[in-house]
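Here is the file upload_33.tsv (TSV, C-alpha atoms).
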```tsv
chain	number	residue	atom	x	y	z
O	1	MET	CA	-41.82	-85.16	-5.39
O	2	GLU	CA	-45.48	-84.17	-4.91
O	3	GLU	CA	-45.98	-86.65	-2.05
O	4	CYS	CA	-42.46	-86.47	-0.62
O	5	LYS	CA	-41.61	-86.25	3.07
O	6	THR	CA	-40.91	-82.61	3.87
O	7	VAL	CA	-37.88	-81.28	5.79
O	8	ALA	CA	-37.28	-78.15	7.88
O	9	THR	CA	-34.09	-76.87	6.19
O	10	PRO	CA	-32.82	-76.87	2.58
O	11	LEU	CA	-29.58	-78.70	3.44
O	12	ASP	CA	-28.03	-80.10	6.61
O	13	PRO	CA	-25.59	-77.86	8.54
O	14	GLY	CA	-22.06	-78.57	7.41
O	15	PHE	CA	-23.10	-80.04	4.05
O	16	GLN	CA	-20.28	-79.84	1.50
O	17	VAL	CA	-20.09	-80.62	-2.19
O	18	ALA	CA	-16.75	-82.40	-1.77
O	19	CYS	CA	-16.95	-86.19	-2.11
O	20	ASP	CA	-14.88	-89.27	-2.94
O	21	LYS	CA	-13.54	-89.79	-6.46
O	22	ASP	CA	-15.33	-93.13	-6.70
O	23	CYS	CA	-18.78	-91.57	-6.35
O	24	LYS	CA	-21.38	-92.48	-8.94
O	25	ARG	CA	-22.01	-89.73	-11.49
O	26	ALA	CA	-25.49	-88.29	-11.95
O	27	ASP	CA	-27.16	-87.38	-15.23
O	28	ILE	CA	-25.74	-83.97	-16.14
O	29	GLN	CA	-28.75	-82.75	-18.10
O	30	ALA	CA	-31.22	-83.71	-15.36
O	31	TYR	CA	-29.01	-82.11	-12.70
O	32	GLN	CA	-28.55	-78.86	-14.63
O	33	THR	CA	-32.29	-78.69	-15.27
O	34	LEU	CA	-32.98	-79.06	-11.56
O	35	MET	CA	-30.37	-76.43	-10.64
O	36	GLY	CA	-31.78	-74.01	-13.22
O	37	GLU	CA	-35.27	-74.34	-11.79
O	38	LEU	CA	-34.03	-73.91	-8.22
O	39	MET	CA	-31.84	-70.94	-9.19
O	40	TYR	CA	-34.86	-69.20	-10.71
O	41	LEU	CA	-36.70	-69.53	-7.39
O	42	ALA	CA	-33.64	-68.51	-5.35
O	43	ILE	CA	-33.06	-65.23	-7.19
O	44	THR	CA	-36.69	-64.18	-7.53
O	45	THR	CA	-38.83	-65.17	-4.53
O	46	ARG	CA	-37.02	-67.61	-2.21
O	47	PRO	CA	-33.87	-66.09	-0.66
O	48	ASP	CA	-33.96	-68.81	2.01
O	49	ILE	CA	-32.52	-71.35	-0.47
O	50	VAL	CA	-30.05	-69.07	-2.24
O	51	HIS	CA	-26.94	-70.39	-0.46
O	52	SER	CA	-27.87	-74.05	-0.86
O	53	VAL	CA	-28.49	-73.57	-4.57
O	54	ALA	CA	-25.29	-71.58	-5.05
O	55	LYS	CA	-23.33	-74.35	-3.35
O	56	LEU	CA	-24.83	-77.16	-5.44
O	57	SER	CA	-24.46	-75.16	-8.66
O	58	GLN	CA	-20.70	-75.56	-8.36
O	59	LYS	CA	-21.17	-79.16	-9.52
O	60	ASN	CA	-23.10	-78.37	-12.69
O	61	SER	CA	-20.34	-79.81	-14.88
O	62	ASP	CA	-19.64	-82.89	-12.74
O	63	PRO	CA	-22.65	-83.81	-10.58
O	64	HIS	CA	-22.67	-86.92	-8.40
O	65	ILE	CA	-25.61	-88.82	-6.99
O	66	GLU	CA	-25.24	-87.20	-3.57
O	67	HIS	CA	-25.47	-83.76	-5.17
O	68	PHE	CA	-28.61	-84.74	-7.05
O	69	ASN	CA	-30.10	-86.09	-3.81
O	70	ALA	CA	-29.20	-82.81	-2.10
O	71	GLY	CA	-31.11	-80.98	-4.82
O	72	LYS	CA	-34.09	-83.21	-4.14
O	73	LYS	CA	-33.83	-82.31	-0.46
O	74	ILE	CA	-34.24	-78.65	-1.38
O	75	LEU	CA	-37.40	-79.68	-3.23
O	76	ARG	CA	-38.58	-81.46	-0.07
O	77	TYR	CA	-37.97	-78.25	1.87
O	78	LEU	CA	-39.91	-76.22	-0.70
O	79	ALA	CA	-42.74	-78.76	-0.64
O	80	GLY	CA	-43.16	-78.10	3.07
O	81	SER	CA	-43.01	-74.30	2.73
O	82	THR	CA	-44.97	-73.51	-0.44
O	83	GLU	CA	-47.04	-70.98	1.50
O	84	LEU	CA	-44.04	-68.72	2.19
O	85	LYS	CA	-44.03	-65.44	0.30
O	86	ILE	CA	-42.02	-62.24	0.63
O	87	GLU	CA	-44.23	-59.65	2.27
O	88	TYR	CA	-43.99	-56.11	0.93
O	89	LYS	CA	-45.72	-53.29	2.75
O	90	ASP	CA	-45.62	-49.53	3.01
O	91	GLY	CA	-43.50	-48.03	5.75
O	92	LYS	CA	-40.36	-46.06	6.45
O	93	LYS	CA	-38.21	-45.45	3.38
O	94	GLU	CA	-34.70	-46.26	4.53
O	95	LEU	CA	-32.18	-48.52	2.81
O	96	CYS	CA	-30.06	-50.81	4.98
O	97	GLY	CA	-28.14	-54.02	4.46
O	98	TYR	CA	-26.42	-56.97	6.11
O	99	ALA	CA	-23.10	-58.41	4.91
O	100	ASP	CA	-21.51	-61.62	6.12
O	101	ALA	CA	-18.88	-64.22	5.18
O	102	ASP	CA	-18.10	-67.81	6.11
O	103	TRP	CA	-14.30	-67.95	6.27
O	104	GLY	CA	-12.81	-70.91	4.43
O	105	GLY	CA	-16.25	-72.46	4.04
O	106	ASN	CA	-15.25	-74.50	0.99
O	107	PRO	CA	-13.00	-77.42	2.06
O	108	ILE	CA	-11.81	-78.06	-1.52
O	109	ASP	CA	-10.16	-74.74	-2.37
O	110	ARG	CA	-10.55	-73.08	1.07
O	111	LYS	CA	-12.34	-70.09	-0.42
O	112	SER	CA	-14.96	-68.31	1.64
O	113	TYR	CA	-18.66	-67.85	0.98
O	114	THR	CA	-20.03	-64.33	1.01
O	115	GLY	CA	-23.57	-63.03	1.14
O	116	PHE	CA	-25.67	-59.93	1.67
O	117	LEU	CA	-29.27	-58.85	2.19
O	118	PHE	CA	-30.75	-55.39	1.61
O	119	TYR	CA	-33.98	-53.99	2.99
O	120	TYR	CA	-35.93	-50.93	1.94
O	121	GLY	CA	-37.77	-50.17	5.13
O	122	GLU	CA	-38.97	-53.60	6.26
O	123	CYS	CA	-39.07	-55.02	2.73
O	124	LEU	CA	-36.36	-57.35	1.46
O	125	ILE	CA	-35.36	-56.17	-2.04
O	126	SER	CA	-31.94	-57.67	-2.82
O	127	TRP	CA	-29.89	-60.71	-1.78
O	128	GLU	CA	-26.88	-62.72	-2.93
O	129	SER	CA	-24.76	-65.73	-2.01
O	130	LYS	CA	-21.60	-66.73	-3.82
O	131	LYS	CA	-18.08	-68.03	-3.32
O	132	GLN	CA	-15.32	-65.45	-3.12
O	133	ARG	CA	-12.80	-65.41	-5.96
O	134	VAL	CA	-9.72	-65.26	-3.75
O	135	VAL	CA	-8.55	-67.22	-0.73
O	136	ALA	CA	-8.90	-65.06	2.37
O	137	LEU	CA	-6.11	-65.49	4.90
O	138	SER	CA	-8.24	-64.52	7.89
O	139	SER	CA	-11.85	-64.11	8.92
O	140	THR	CA	-11.29	-60.34	8.92
O	141	GLU	CA	-10.18	-60.43	5.29
O	142	ALA	CA	-13.13	-62.61	4.30
O	143	GLU	CA	-15.56	-60.23	6.02
O	144	TYR	CA	-13.81	-57.22	4.46
O	145	ILE	CA	-14.28	-58.67	0.96
O	146	SER	CA	-17.93	-59.31	1.83
O	147	ILE	CA	-18.35	-55.68	2.91
O	148	SER	CA	-16.80	-54.56	-0.38
O	149	ASN	CA	-19.26	-56.64	-2.41
O	150	ALA	CA	-22.19	-55.35	-0.37
O	151	ALA	CA	-20.98	-51.75	-0.68
O	152	ARG	CA	-21.17	-51.95	-4.48
O	153	GLU	CA	-24.74	-53.24	-4.25
O	154	ALA	CA	-25.61	-50.50	-1.75
O	155	VAL	CA	-24.39	-47.74	-4.09
O	156	TYR	CA	-26.31	-49.28	-6.99
O	157	LEU	CA	-29.55	-49.56	-5.01
O	158	LYS	CA	-29.14	-46.02	-3.74
O	159	ARG	CA	-28.90	-44.73	-7.32
O	160	VAL	CA	-31.95	-46.74	-8.37
O	161	LEU	CA	-33.98	-45.26	-5.52
O	162	TYR	CA	-32.78	-41.78	-6.46
O	163	GLU	CA	-34.06	-42.31	-10.02
O	164	LEU	CA	-37.40	-43.55	-8.70
O	165	GLU	CA	-37.99	-40.97	-5.98
O	166	GLY	CA	-35.75	-38.06	-6.95
O	167	VAL	CA	-34.55	-37.67	-3.38
O	168	GLU	CA	-30.99	-38.34	-2.34
O	169	ASN	CA	-31.04	-40.88	0.47
O	170	LYS	CA	-28.67	-40.61	3.39
O	171	ALA	CA	-25.82	-43.06	3.93
O	172	VAL	CA	-26.84	-46.69	3.66
O	173	ILE	CA	-26.44	-48.52	6.96
O	174	LEU	CA	-24.47	-51.72	6.37
O	175	ASN	CA	-24.58	-54.13	9.31
O	176	VAL	CA	-21.54	-56.37	9.88
O	177	ASP	CA	-20.51	-58.71	12.69
O	178	ASN	CA	-16.70	-58.44	12.49
O	179	GLN	CA	-15.13	-55.48	14.26
O	180	GLY	CA	-11.72	-56.18	12.70
O	181	ALA	CA	-13.18	-55.74	9.22
O	182	MET	CA	-14.91	-52.53	10.33
O	183	LYS	CA	-11.62	-51.09	11.57
O	184	LEU	CA	-9.87	-52.12	8.36
O	185	ALA	CA	-12.56	-50.34	6.33
O	186	THR	CA	-12.36	-47.10	8.30
O	187	ASN	CA	-8.58	-46.97	8.90
O	188	PRO	CA	-6.48	-46.13	5.80
O	189	VAL	CA	-3.27	-47.39	7.43
O	190	PHE	CA	-1.90	-50.60	5.88
O	191	HIS	CA	-0.70	-53.31	8.23
O	192	ASN	CA	1.41	-56.40	7.58
O	193	ARG	CA	-1.68	-58.59	7.79
O	194	SER	CA	-3.70	-56.53	5.30
O	195	LYS	CA	-1.25	-55.02	2.81
O	196	HIS	CA	-1.71	-58.00	0.43
O	197	ILE	CA	-5.45	-57.34	-0.01
O	198	ASP	CA	-6.30	-56.37	-3.58
O	199	ILE	CA	-6.86	-52.65	-4.10
O	200	LYS	CA	-10.28	-53.28	-5.64
O	201	TYR	CA	-11.63	-54.22	-2.22
O	202	HIS	CA	-10.39	-51.00	-0.62
O	203	HIS	CA	-12.92	-48.88	-2.53
O	204	VAL	CA	-15.21	-49.38	0.46
O	205	ARG	CA	-13.10	-46.82	2.35
O	206	ASP	CA	-13.83	-44.23	-0.32
O	207	GLU	CA	-17.57	-44.98	-0.13
O	208	ILE	CA	-17.45	-44.47	3.63
O	209	CYS	CA	-15.62	-41.16	3.24
O	210	LYS	CA	-18.20	-40.00	0.69
O	211	LYS	CA	-20.93	-41.02	3.15
O	212	GLN	CA	-22.44	-43.46	0.69
O	213	ILE	CA	-22.41	-46.19	3.33
O	214	GLU	CA	-22.05	-46.36	7.09
O	215	LEU	CA	-20.90	-49.49	8.90
O	216	LYS	CA	-22.71	-50.66	12.00
O	217	TYR	CA	-21.84	-53.60	14.24
O	218	VAL	CA	-24.44	-56.25	15.05
O	219	ASN	CA	-24.13	-59.39	17.12
O	220	THR	CA	-23.48	-62.59	15.18
O	221	ASN	CA	-26.78	-64.03	16.42
O	222	GLU	CA	-28.59	-61.14	14.73
O	223	MET	CA	-26.67	-61.34	11.45
O	224	ILE	CA	-29.47	-62.23	9.03
O	225	ALA	CA	-27.04	-62.59	6.11
O	226	ASP	CA	-25.71	-65.68	7.88
O	227	ILE	CA	-28.39	-67.61	5.99
O	228	CYS	CA	-26.66	-66.57	2.73
O	229	THR	CA	-23.25	-67.96	3.72
O	230	LYS	CA	-23.91	-71.32	5.37
O	231	ASN	CA	-26.53	-73.96	6.05
O	232	LEU	CA	-28.07	-73.43	9.47
O	233	HIS	CA	-29.78	-75.54	12.09
O	234	LYS	CA	-33.57	-75.65	12.12
O	235	ILE	CA	-34.18	-73.07	14.87
O	236	LYS	CA	-31.78	-70.45	13.52
O	237	HIS	CA	-32.90	-71.02	9.94
O	238	LYS	CA	-36.54	-70.50	10.89
O	239	LYS	CA	-35.65	-67.35	12.83
O	240	PHE	CA	-33.85	-65.75	9.88
O	241	VAL	CA	-36.56	-66.80	7.43
O	242	GLU	CA	-39.03	-64.82	9.53
O	243	LEU	CA	-36.65	-61.84	9.69
O	244	MET	CA	-36.48	-61.88	5.88
O	245	ASN	CA	-40.27	-61.32	5.90
O	246	LEU	CA	-40.95	-64.68	4.30
O	247	LYS	CA	-44.43	-65.29	5.63
O	248	ASN	CA	-47.68	-67.05	4.95
O	249	VAL	CA	-49.40	-64.10	3.33
O	250	GLU	CA	-53.09	-64.70	2.69
```
Now that the file is in, can you turn its structure into structure tokens?
Amino acid sequence: MEECKTVATPLDPGFQVACDKDCKRADIQAYQTLMGELMYLAITTRPDIVHSVAKLSQKNSDPHIEHFNAGKKILRYLAGSTELKIEYKDGKKELCGYADADWGGNPIDRKSYTGFLFYYGECLISWESKKQRVVALSSTEAEYISISNAAREAVYLKRVLYELEGVENKAVILNVDNQGAMKLATNPVFHNRSKHIDIKYHHVRDEICKKQIELKYVNTNEMIADICTKNLHKIKHKKFVELMNLKNVE
């Protein structure tokens, strides 16, 4: 892959791991080795590939040729962006996050993808992309589950920062782009469309009451965590990569 033709995005928009039953199987050991190497990059220094790797990792036990080729495409993307590094710099010490979900993003089991990003000042310090464990019945429910996952990470990061600095930080600002999910998180009244949601996801209301987190609405076009829930077009992908402070740092 050293002399491969580079590409602008890790995977094409709309790429799915679902395929025909007659597809040719790939070598499992080679595929798992590739996924392990890519996962190491995704969770340490390259958050821009975290969703693509999480999606392909679902086929670790039954990889097909098209999945292996998709993994090679991520390598082609990395080959064209080896200069990108996460920039860390001194600045304001405030913790904030972005939480997003792609409702029904998996066509096989109709489960949604969820993702979050957390910044300390202007520095990206935590990110995640994974498939939700339950089938959300609406985009509001999918976003609400995403907020719940991000809220747990926010509380954890807040405690870590308290141990490091000894100063209790104010409520963590959590940016979301679904007003229905925001209302569900701040309103304790159960409705017919939400009473089935597992109680474990409602802990976010308690965190809001204790002022551990504070929800803030942002436009979908400014939702940086979108890159953790779906594969984007070139222009939007590049925009969010820059907002994640992935830069050519010399």
Residues of range 54-73 of chain O within 8 Å of range 21-44 of chain O: nearest atom pair and distance (Å, one decimal) for each, counting only C-alpha atoms, sorted by chain and number, as a tab-separated table?
```
residue	atom	partner	partner_atom	distance
O:Ala54	CA	O:Met39	CA	7.8
O:Leu56	CA	O:Met35	CA	7.6
O:Ser57	CA	O:Met35	CA	6.4
O:Asn60	CA	O:Gln32	CA	5.8
O:Ser61	CA	O:Ile28	CA	6.9
O:Asp62	CA	O:Ile28	CA	7.1
O:Pro63	CA	O:Ala26	CA	5.5
O:His64	CA	O:Arg25	CA	4.2
O:Ile65	CA	O:Ala26	CA	5.0
O:Phe68	CA	O:Tyr31	CA	6.2
O:Gly71	CA	O:Leu34	CA	7.3
```
For Val176 in chain O, which residue among O:Val218, O:Cys228, O:Leu78, O:Ala8 is the nearest when counting only C-alpha atoms?
O:Val218
Hey, which of O:Lys5, O:Lys216, O:Lys234, O:Arg152 ends up closest to His202 in chain O? Count only C-alpha atoms.
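Result for the nearest residue to His202 in chain O: O:Arg152.
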Counting all atoms listed in the file, which residue out of O:Ala154, O:Leu75, O:Ala99, O:Ile125 sits closest to Met182 in chain O?
O:Ala99
Between O:Gln212, O:Thr6, O:Asn219, O:Thr45, which has the minimum distance to Cys96 in chain O (counting only C-alpha atoms)?
O:Gln212
Take CA of Lys73 in chain O and CA of Ser146 in chain O and report the distance between them in Å, one decimal.
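CA of Ser146 in chain O lies at a distance of 28.1 Å from CA of Lys73 in chain O.
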Pairwise distance for CA of Ile147 in chain O and CA of Glu94 in chain O, rounded to one decimal in Å
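For CA of Ile147 in chain O relative to CA of Glu94 in chain O, the distance reads 18.9 Å.
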Mind dumping a table of every range 140-242 of chain O residue within 12 Å of range 103-116 of chain O, with the nearest atom pair and its distance in Å to one decimal, using only C-alpha atoms, sorted by chain and rising number, as a tab-separated table?
```
residue	atom	partner	partner_atom	distance
O:Thr140	CA	O:Trp103	CA	8.6
O:Glu141	CA	O:Trp103	CA	8.6
O:Ala142	CA	O:Trp103	CA	5.8
O:Glu143	CA	O:Trp103	CA	7.8
O:Tyr144	CA	O:Thr114	CA	10.1
O:Ile145	CA	O:Thr114	CA	8.1
O:Ser146	CA	O:Thr114	CA	5.5
O:Ile147	CA	O:Phe116	CA	8.6
O:Ser148	CA	O:Thr114	CA	10.4
O:Asn149	CA	O:Phe116	CA	8.3
O:Ala150	CA	O:Phe116	CA	6.1
O:Ala151	CA	O:Phe116	CA	9.7
O:Arg152	CA	O:Phe116	CA	11.0
O:Glu153	CA	O:Phe116	CA	9.0
O:Ala154	CA	O:Phe116	CA	10.0
O:Leu174	CA	O:Phe116	CA	9.5
O:Asn175	CA	O:Phe116	CA	9.7
O:Val176	CA	O:Phe116	CA	9.9
O:Asn178	CA	O:Trp103	CA	11.6
O:Met223	CA	O:Phe116	CA	9.9
O:Ile224	CA	O:Phe116	CA	8.6
O:Ala225	CA	O:Phe116	CA	5.4
O:Asp226	CA	O:Gly115	CA	7.6
O:Ile227	CA	O:Gly115	CA	8.2
O:Cys228	CA	O:Gly115	CA	5.0
O:Thr229	CA	O:Tyr113	CA	5.3
O:Lys230	CA	O:Tyr113	CA	7.7
O:Asn231	CA	O:Gly105	CA	10.6
```
Can you measure CA of Val155 in chain O to CA of Lys210 in chain O for me? One decimal in Å is fine.
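Computed distance, CA of Val155 in chain O to CA of Lys210 in chain O, equals 11.0 Å.
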Nearest to Ile208 in chain O by atom-to-atom distance, counting all atoms listed in the file, from O:Lys183, O:Leu11, O:Ala171, O:Ile235:
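The closest residue to Ile208 in chain O is O:Ala171.
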Nearby residues (only C-alpha atoms) at most 12 Å from Thr82 in chain O, same-chain spacing under 2 positions excluded, as a CSV table (one decimal) with C-alpha atoms, in the coordinates of the input:
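Wrote selection_38.csv, looks like this:
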```csv
chain,number,residue,atom,x,y,z
O,2,GLU,CA,-45.5,-84.2,-4.9
O,6,THR,CA,-40.9,-82.6,3.9
O,41,LEU,CA,-36.7,-69.5,-7.4
O,45,THR,CA,-38.8,-65.2,-4.5
O,46,ARG,CA,-37.0,-67.6,-2.2
O,74,ILE,CA,-34.2,-78.6,-1.4
O,75,LEU,CA,-37.4,-79.7,-3.2
O,76,ARG,CA,-38.6,-81.5,-0.1
O,77,TYR,CA,-38.0,-78.2,1.9
O,78,LEU,CA,-39.9,-76.2,-0.7
O,79,ALA,CA,-42.7,-78.8,-0.6
O,80,GLY,CA,-43.2,-78.1,3.1
O,84,LEU,CA,-44.0,-68.7,2.2
O,85,LYS,CA,-44.0,-65.4,0.3
O,86,ILE,CA,-42.0,-62.2,0.6
O,246,LEU,CA,-41.0,-64.7,4.3
O,247,LYS,CA,-44.4,-65.3,5.6
O,248,ASN,CA,-47.7,-67.0,5.0
O,249,VAL,CA,-49.4,-64.1,3.3
```
Would you mind telling me which residue in O:Gln58, O:Val135, O:Phe118, O:Leu232 lies nearest to Tyr156 in chain O when using all atoms listed in the file?
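Nearest candidate to Tyr156 in chain O out of O:Gln58, O:Val135, O:Phe118, O:Leu232: O:Phe118.
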Quick one: axis-aligned box around all listed atoms of range 89-98 of chain O, 6 Å on every side, centre and edge lengths in Å to one decimal, written as JSON.
```
{"center_x": -36.1, "center_y": -51.2, "center_z": 4.6, "size_x": 31.3, "size_y": 23.5, "size_z": 15.7}
```
